[in-house]
Amino acid sequence: MKSQIETTKPDPLENRWYNDACGTALALEFAGERWSLLIMRELMLGPRRFSDLRASLPGISANILTMRLERLRVLDILRRRQLDPPANVQVYELTPWGHEAEPIFQAMSRWALRSPLHDPTLPLTPVSAMLSLRAMLRPDHSAPPMTAGFRFGRDMFISELSGSNLHIRRGKPDVVDIEFDTDTTSLVRLVYGKQPLEALERQGLLTLKGDRAVAKVFVDCFELPAHVS
């Protein structure tokens with residue numbers, strides 16, 4: 001008689017930190033380790049290669065990134081996938097459940113940015129900059145539907161604004177109403193610091209394609225929350 005070997009799926013929460021039934025505690029068990037949330041952030045707008053993630057998070061070591069990715073995979077927050085030829089490379093992407101975490105990022109961002117300790121001069125990744133637009137969209141804006149493209153070097157995005165919805169995806173902004181070719185620091189100065197387009201253009205920090213009036217309407221749709229007193 002053949003012996004049967006029982007195999008069980010490893011429990012990713014076997015060594016709990018909090019031993020607490022609270023949903024917040026469970027969320028921290030899932031993504032509370034250092035770098036985990038930022039890895040999830042960088043995957044919010046589409047799949048990334050290991051090297052892409054490492055470049056976007058320069059403070060993380062290859063070993064820690066590997067460990068965090070594996071834990072998030074076991075937890076079903078992300079998955080590995082092989083792209084079809086000719087790319088034929090392995091990428092990481094959020095699962096549908098992983099994508100459901102975006103409102104958490106938005107709420108955390110709006111809450112934390114109310115602190116006067118926020119330093120807008122610190123580095124910002126292209127994904128962070130684009131996600132910030134979704135989090136900081138003014139609910140009372142009156143802009144008509146429009147599309148805006150963004151180029152941050154090799155990182156390119158297309159945003160579609162319609163009322164309270166701002167859909168953002170990776171892609172070449174070939175057919176858009178306006179296009180910003182800039183860096184993330186200059187975009188922050190433009191959108192949240194409300195520095196004039198013309199000033200950034202004169203400094204060579206931004207190139208605008210499209211109707212200048214439309215661009216100004218778009219920029220006016222976003223604002224940072226007020227600091228706590």
# chains A, B, ... in the order shown; residues from 1 in each chain; ligands from 1
$ select_by_dssp --residues "stretch 1-228 of chain A" --states "strand (DSSP E)" --output "PyMOL selection string"
chain A and resi 78-82+90-94+146-152+155-162+165-170+178-182+206-210
$ residues_around --residues "stretch 196-205 of chain A" --least-positions-apart "6" --cutoff "12 Å" --atoms "only C-alpha atoms" --output "list in words"
Phe152, Phe180, Asp181, Thr182, Asp183, Thr184, Thr185, Ser186, Leu187, Val188, Arg189, Leu190, Asp211, Arg212, Ala213, Val214, Ala215, Lys216, Val217, Phe218, Val219 and Asp220 of chain A
$ atom_distance --atom1 "atom CA of A:His99" --atom2 "atom CA of A:Ile39"
12.2 Å
$ select_by_dssp --residues "stretch 16-148 of chain A" --states "helix (DSSP H, G or I)" --output "NGL selection string"
:A and (23-31 or 36-42 or 50-56 or 62-74 or 96-99 or 102-112 or 126-135)
$ closest_atom_pairs --of "stretch 12-113 of chain A" --to "stretch 123-129 of chain A" --cutoff "12 Å" --atoms "only C-alpha atoms" --output "CSV"
residue,atom,partner,partner_atom,distance
A:Leu37,CA,A:Ser128,CA,12.0
A:Leu38,CA,A:Ser128,CA,9.3
A:Ile39,CA,A:Val127,CA,10.9
A:Met40,CA,A:Val127,CA,10.8
A:Arg41,CA,A:Ser128,CA,7.3
A:Glu42,CA,A:Val127,CA,6.0
A:Leu43,CA,A:Val127,CA,8.3
A:Met44,CA,A:Val127,CA,7.8
A:Leu45,CA,A:Val127,CA,7.0
A:Gly46,CA,A:Val127,CA,9.6
A:Pro47,CA,A:Val127,CA,11.7
A:Arg48,CA,A:Val127,CA,11.1
A:Asp52,CA,A:Thr125,CA,11.3
A:Leu53,CA,A:Thr125,CA,10.5
A:Arg54,CA,A:Thr125,CA,11.8
A:Ala55,CA,A:Thr125,CA,9.7
A:Ser56,CA,A:Thr125,CA,6.3
A:Leu57,CA,A:Thr125,CA,8.4
A:Pro58,CA,A:Thr125,CA,10.5
A:Gly59,CA,A:Pro123,CA,11.8
A:Glu102,CA,A:Ser128,CA,11.8
A:Phe105,CA,A:Ser128,CA,10.3
A:Gln106,CA,A:Ser128,CA,10.8
A:Ser109,CA,A:Ser128,CA,10.4
$ residues_around --residues "A:Pro139" --least-positions-apart "4" --cutoff "12 Å" --atoms "only C-alpha atoms" --output "ChimeraX atom specification"
/A:134-135,143,162-166,220-223
$ closest_residue --among "A:Val175, A:Leu133, A:Ala27, A:Ala226" --to "A:Leu161" --atoms "only C-alpha atoms"
A:Leu133
$ closest_residue --among "A:Arg80, A:Arg73, A:Arg110, A:His118" --to "A:Ser132" --atoms "only C-alpha atoms"
A:Arg110
$ closest_residue --among "A:Pro225, A:Glu100, A:Arg151, A:Ile168" --to "A:Leu131" --atoms "only C-alpha atoms"
A:Ile168
$ residues_around --residues "A:Asn63" --least-positions-apart "5" --cutoff "12 Å" --atoms "only C-alpha atoms" --output "list of chain:residue names"
A:Phe50, A:Arg54, A:Arg68, A:Leu69, A:Glu70
$ write_last_selection --atoms "N, CA and C atoms" --output "PDB file, in the first residue's frame"
ATOM      1  N   PHE A  50      11.046  43.201 -11.738  1.00  0.00           N
ATOM      2  CA  PHE A  50      11.815  43.312 -10.503  1.00  0.00           C
ATOM      3  C   PHE A  50      12.750  44.511 -10.584  1.00  0.00           C
ATOM      4  N   ARG A  54      12.961  47.850  -8.184  1.00  0.00           N
ATOM      5  CA  ARG A  54      14.217  48.184  -7.496  1.00  0.00           C
ATOM      6  C   ARG A  54      14.630  49.617  -7.832  1.00  0.00           C
ATOM      7  N   ARG A  68       9.807  40.540   0.331  1.00  0.00           N
ATOM      8  CA  ARG A  68       8.502  41.203   0.397  1.00  0.00           C
ATOM      9  C   ARG A  68       7.598  40.738  -0.744  1.00  0.00           C
ATOM     10  N   LEU A  69       8.156  40.617  -1.926  1.00  0.00           N
ATOM     11  CA  LEU A  69       7.358  40.161  -3.066  1.00  0.00           C
ATOM     12  C   LEU A  69       6.812  38.760  -2.825  1.00  0.00           C
ATOM     13  N   GLU A  70       7.639  37.889  -2.270  1.00  0.00           N
ATOM     14  CA  GLU A  70       7.186  36.519  -2.026  1.00  0.00           C
ATOM     15  C   GLU A  70       6.082  36.492  -0.970  1.00  0.00           C
TER      16      GLU A  70
END
$ atom_distance --atom1 "atom CA of A:Ser36" --atom2 "atom CA of A:Leu65"
8.7 Å
